[in-house]
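What follows is the content of data_8.pdb (PDB, C-alpha atoms).
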ATOM      1  CA  MET A1224     -32.626-108.518 -29.479  1.00  0.00           C
ATOM      2  CA  GLN A1225     -33.719-106.568 -26.431  1.00  0.00           C
ATOM      3  CA  PRO A1226     -37.020-107.247 -24.705  1.00  0.00           C
ATOM      4  CA  MET A1227     -39.797-104.771 -25.435  1.00  0.00           C
ATOM      5  CA  THR A1228     -40.439-102.033 -22.930  1.00  0.00           C
ATOM      6  CA  ARG A1229     -43.848-101.729 -21.325  1.00  0.00           C
ATOM      7  CA  LEU A1230     -44.660 -98.733 -23.555  1.00  0.00           C
ATOM      8  CA  GLU A1231     -43.652-100.631 -26.714  1.00  0.00           C
ATOM      9  CA  LYS A1232     -45.828-103.572 -25.694  1.00  0.00           C
ATOM     10  CA  ARG A1233     -48.769-101.249 -25.048  1.00  0.00           C
ATOM     11  CA  LYS A1234     -48.356 -99.646 -28.482  1.00  0.00           C
ATOM     12  CA  GLU A1235     -48.293-103.041 -30.211  1.00  0.00           C
ATOM     13  CA  ILE A1236     -51.350-104.243 -28.293  1.00  0.00           C
ATOM     14  CA  ASP A1237     -53.165-101.044 -29.255  1.00  0.00           C
ATOM     15  CA  LYS A1238     -52.283-101.599 -32.941  1.00  0.00           C
ATOM     16  CA  VAL A1239     -53.708-105.106 -32.851  1.00  0.00           C
ATOM     17  CA  SER A1240     -56.782-103.901 -30.983  1.00  0.00           C
ATOM     18  CA  ARG A1241     -57.455-101.214 -33.604  1.00  0.00           C
ATOM     19  CA  PHE A1242     -57.042-103.762 -36.386  1.00  0.00           C
ATOM     20  CA  VAL A1243     -59.495-106.192 -34.759  1.00  0.00           C
ATOM     21  CA  ARG A1244     -62.060-103.410 -34.246  1.00  0.00           C
ATOM     22  CA  ALA A1245     -61.659-102.220 -37.844  1.00  0.00           C
ATOM     23  CA  ALA A1246     -62.005-105.744 -39.238  1.00  0.00           C
ATOM     24  CA  GLU A1247     -65.090-106.410 -37.124  1.00  0.00           C
ATOM     25  CA  THR A1248     -66.635-103.104 -38.224  1.00  0.00           C
ATOM     26  CA  GLU A1249     -66.030-103.975 -41.887  1.00  0.00           C
ATOM     27  CA  ILE A1250     -67.603-107.406 -41.558  1.00  0.00           C
ATOM     28  CA  ASN A1251     -70.591-106.038 -39.633  1.00  0.00           C
ATOM     29  CA  ALA A1252     -71.071-103.345 -42.291  1.00  0.00           C
ATOM     30  CA  MET A1253     -71.460-106.077 -44.916  1.00  0.00           C
ATOM     31  CA  GLY A1254     -74.757-107.046 -43.304  1.00  0.00           C
ATOM     32  CA  ILE A1255     -74.283-110.762 -43.921  1.00  0.00           C
ATOM     33  CA  LEU A1256     -77.427-112.738 -43.142  1.00  0.00           C
ATOM     34  CA  PRO A1257     -77.493-116.533 -43.101  1.00  0.00           C
ATOM     35  CA  ARG A1258     -79.636-118.321 -45.649  1.00  0.00           C
ATOM     36  CA  ASP A1259     -82.105-121.087 -44.791  1.00  0.00           C
ATOM     37  CA  PRO A1260     -80.252-123.144 -42.139  1.00  0.00           C
ATOM     38  CA  TYR A1261     -81.838-126.395 -43.316  1.00  0.00           C
ATOM     39  CA  LYS A1262     -80.484-125.957 -46.837  1.00  0.00           C
ATOM     40  CA  PHE A1263     -77.269-124.128 -45.986  1.00  0.00           C
ATOM     41  CA  PRO A1264     -76.121-125.128 -42.479  1.00  0.00           C
ATOM     42  CA  PHE A1265     -72.607-123.869 -43.155  1.00  0.00           C
ATOM     43  CA  ASP A1266     -73.835-120.267 -43.158  1.00  0.00           C
ATOM     44  CA  ILE A1267     -74.622-120.433 -39.450  1.00  0.00           C
ATOM     45  CA  VAL A1268     -71.464-122.405 -38.634  1.00  0.00           C
ATOM     46  CA  GLY A1269     -69.314-119.998 -40.639  1.00  0.00           C
ATOM     47  CA  LEU A1270     -70.810-116.901 -39.046  1.00  0.00           C
ATOM     48  CA  ALA A1271     -70.466-118.463 -35.594  1.00  0.00           C
ATOM     49  CA  ALA A1272     -66.774-119.197 -36.275  1.00  0.00           C
ATOM     50  CA  VAL A1273     -66.187-115.583 -37.341  1.00  0.00           C
ATOM     51  CA  SER A1274     -67.988-114.335 -34.234  1.00  0.00           C
ATOM     52  CA  LYS A1275     -65.913-116.661 -32.043  1.00  0.00           C
ATOM     53  CA  ALA A1276     -62.702-115.431 -33.652  1.00  0.00           C
ATOM     54  CA  PHE A1277     -63.513-111.816 -32.790  1.00  0.00           C
ATOM     55  CA  ALA A1278     -64.559-112.685 -29.239  1.00  0.00           C
ATOM     56  CA  LEU A1279     -61.378-114.695 -28.753  1.00  0.00           C
ATOM     57  CA  ALA A1280     -59.198-111.916 -30.178  1.00  0.00           C
ATOM     58  CA  LYS A1281     -60.768-109.392 -27.809  1.00  0.00           C
ATOM     59  CA  ALA A1282     -60.290-111.731 -24.846  1.00  0.00           C
ATOM     60  CA  CYS A1283     -56.615-112.230 -25.720  1.00  0.00           C
ATOM     61  CA  ILE A1284     -56.103-108.479 -26.055  1.00  0.00           C
ATOM     62  CA  ASN A1285     -57.696-107.913 -22.642  1.00  0.00           C
ATOM     63  CA  LEU A1286     -55.431-110.544 -21.091  1.00  0.00           C
ATOM     64  CA  LEU A1287     -52.360-108.991 -22.711  1.00  0.00           C
ATOM     65  CA  ARG A1288     -53.377-105.578 -21.384  1.00  0.00           C
ATOM     66  CA  SER A1289     -53.617-107.034 -17.898  1.00  0.00           C
ATOM     67  CA  ASP A1290     -49.974-108.201 -18.094  1.00  0.00           C
ATOM     68  CA  LEU A1291     -50.755-111.913 -18.237  1.00  0.00           C
ATOM     69  CA  PRO A1292     -48.656-112.766 -21.307  1.00  0.00           C
ATOM     70  CA  THR A1293     -48.756-116.559 -21.041  1.00  0.00           C
ATOM     71  CA  LYS A1294     -52.541-116.866 -20.745  1.00  0.00           C
ATOM     72  CA  PRO A1295     -53.612-115.562 -24.202  1.00  0.00           C
ATOM     73  CA  SER A1296     -51.579-118.193 -26.030  1.00  0.00           C
ATOM     74  CA  GLY A1297     -53.355-120.950 -24.090  1.00  0.00           C
ATOM     75  CA  LEU A1298     -56.725-119.307 -24.716  1.00  0.00           C
ATOM     76  CA  ALA A1299     -56.142-119.108 -28.473  1.00  0.00           C
ATOM     77  CA  VAL A1300     -55.220-122.797 -28.897  1.00  0.00           C
ATOM     78  CA  PRO A1301     -58.823-124.099 -29.128  1.00  0.00           C
ATOM     79  CA  SER A1302     -59.545-121.747 -32.042  1.00  0.00           C
ATOM     80  CA  LEU A1303     -56.710-123.333 -34.003  1.00  0.00           C
ATOM     81  CA  ASN A1304     -58.376-126.728 -33.710  1.00  0.00           C
ATOM     82  CA  VAL A1305     -61.743-125.605 -35.096  1.00  0.00           C
ATOM     83  CA  PRO A1306     -60.956-126.021 -38.823  1.00  0.00           C
ATOM     84  CA  THR A1307     -59.594-129.521 -38.318  1.00  0.00           C
ATOM     85  CA  THR A1308     -62.351-130.768 -36.009  1.00  0.00           C
ATOM     86  CA  CYS A1309     -65.312-129.275 -37.890  1.00  0.00           C
ATOM     87  CA  GLY A1310     -64.432-131.174 -41.049  1.00  0.00           C
ATOM     88  CA  THR A1311     -64.329-134.619 -39.459  1.00  0.00           C
TER      89      THR A1311
END
Kindly return the structure encoded in the file as structure tokens.
Amino acid sequence: MQPMTRLEKRKEIDKVSRFVRAAETEINAMGILPRDPYKFPFDIVGLAAVSKAFALAKACINLLRSDLPTKPSGLAVPSLNVPTTCGT
């Protein structure tokens, strides 16, 4: 398998970027509002996790666009630990 050309990489990054923007637009259009945080604390935690996921995705895309391919993978690692650490 041949390495991707710069143009191919750019096209793939743009595809992912469009997907992230579309997904964020859909979720924002839902108008989700958290319930009473004292009764339903997960609402705030869940919405914060979704917000963090979008912010992290955008940061990784920006790093990929700047030709720093090894940095986004290190940046994304903490987000993988969230589901396991929040439950303990």
Can you measure CA of Asn1251 (chain A) to CA of Pro1264 (chain A) for me? One decimal in Å is fine.
20.1 Å
Would you compute the distance between CA of Ile1284 (chain A) and CA of Val1239 (chain A)? Give it in Å to one decimal.
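Interatomic distance here is 8.0 Å.
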To one decimal place in Å, what is the distance between CA of Asn1285 (chain A) and CA of Lys1234 (chain A)?
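According to the coordinates, CA of Asn1285 (chain A) and CA of Lys1234 (chain A) are separated by 13.8 Å.
For the set A:Phe1277, A:Arg1288, A:Cys1283, A:Pro1226, the residue with the smallest atom-to-atom gap to Arg1244 (chain A) is A:Phe1277, counting all atoms listed in the file.
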So that I can check the surroundings of Arg1233 (chain A), please list as a PyMOL selection string every protein, DNA and RNA residue that reaches within 9 Å of it, counting all atoms listed in the file and ignoring chain neighbours fewer than 5 positions away.
chain A and resi 1228+1238+1287-1288
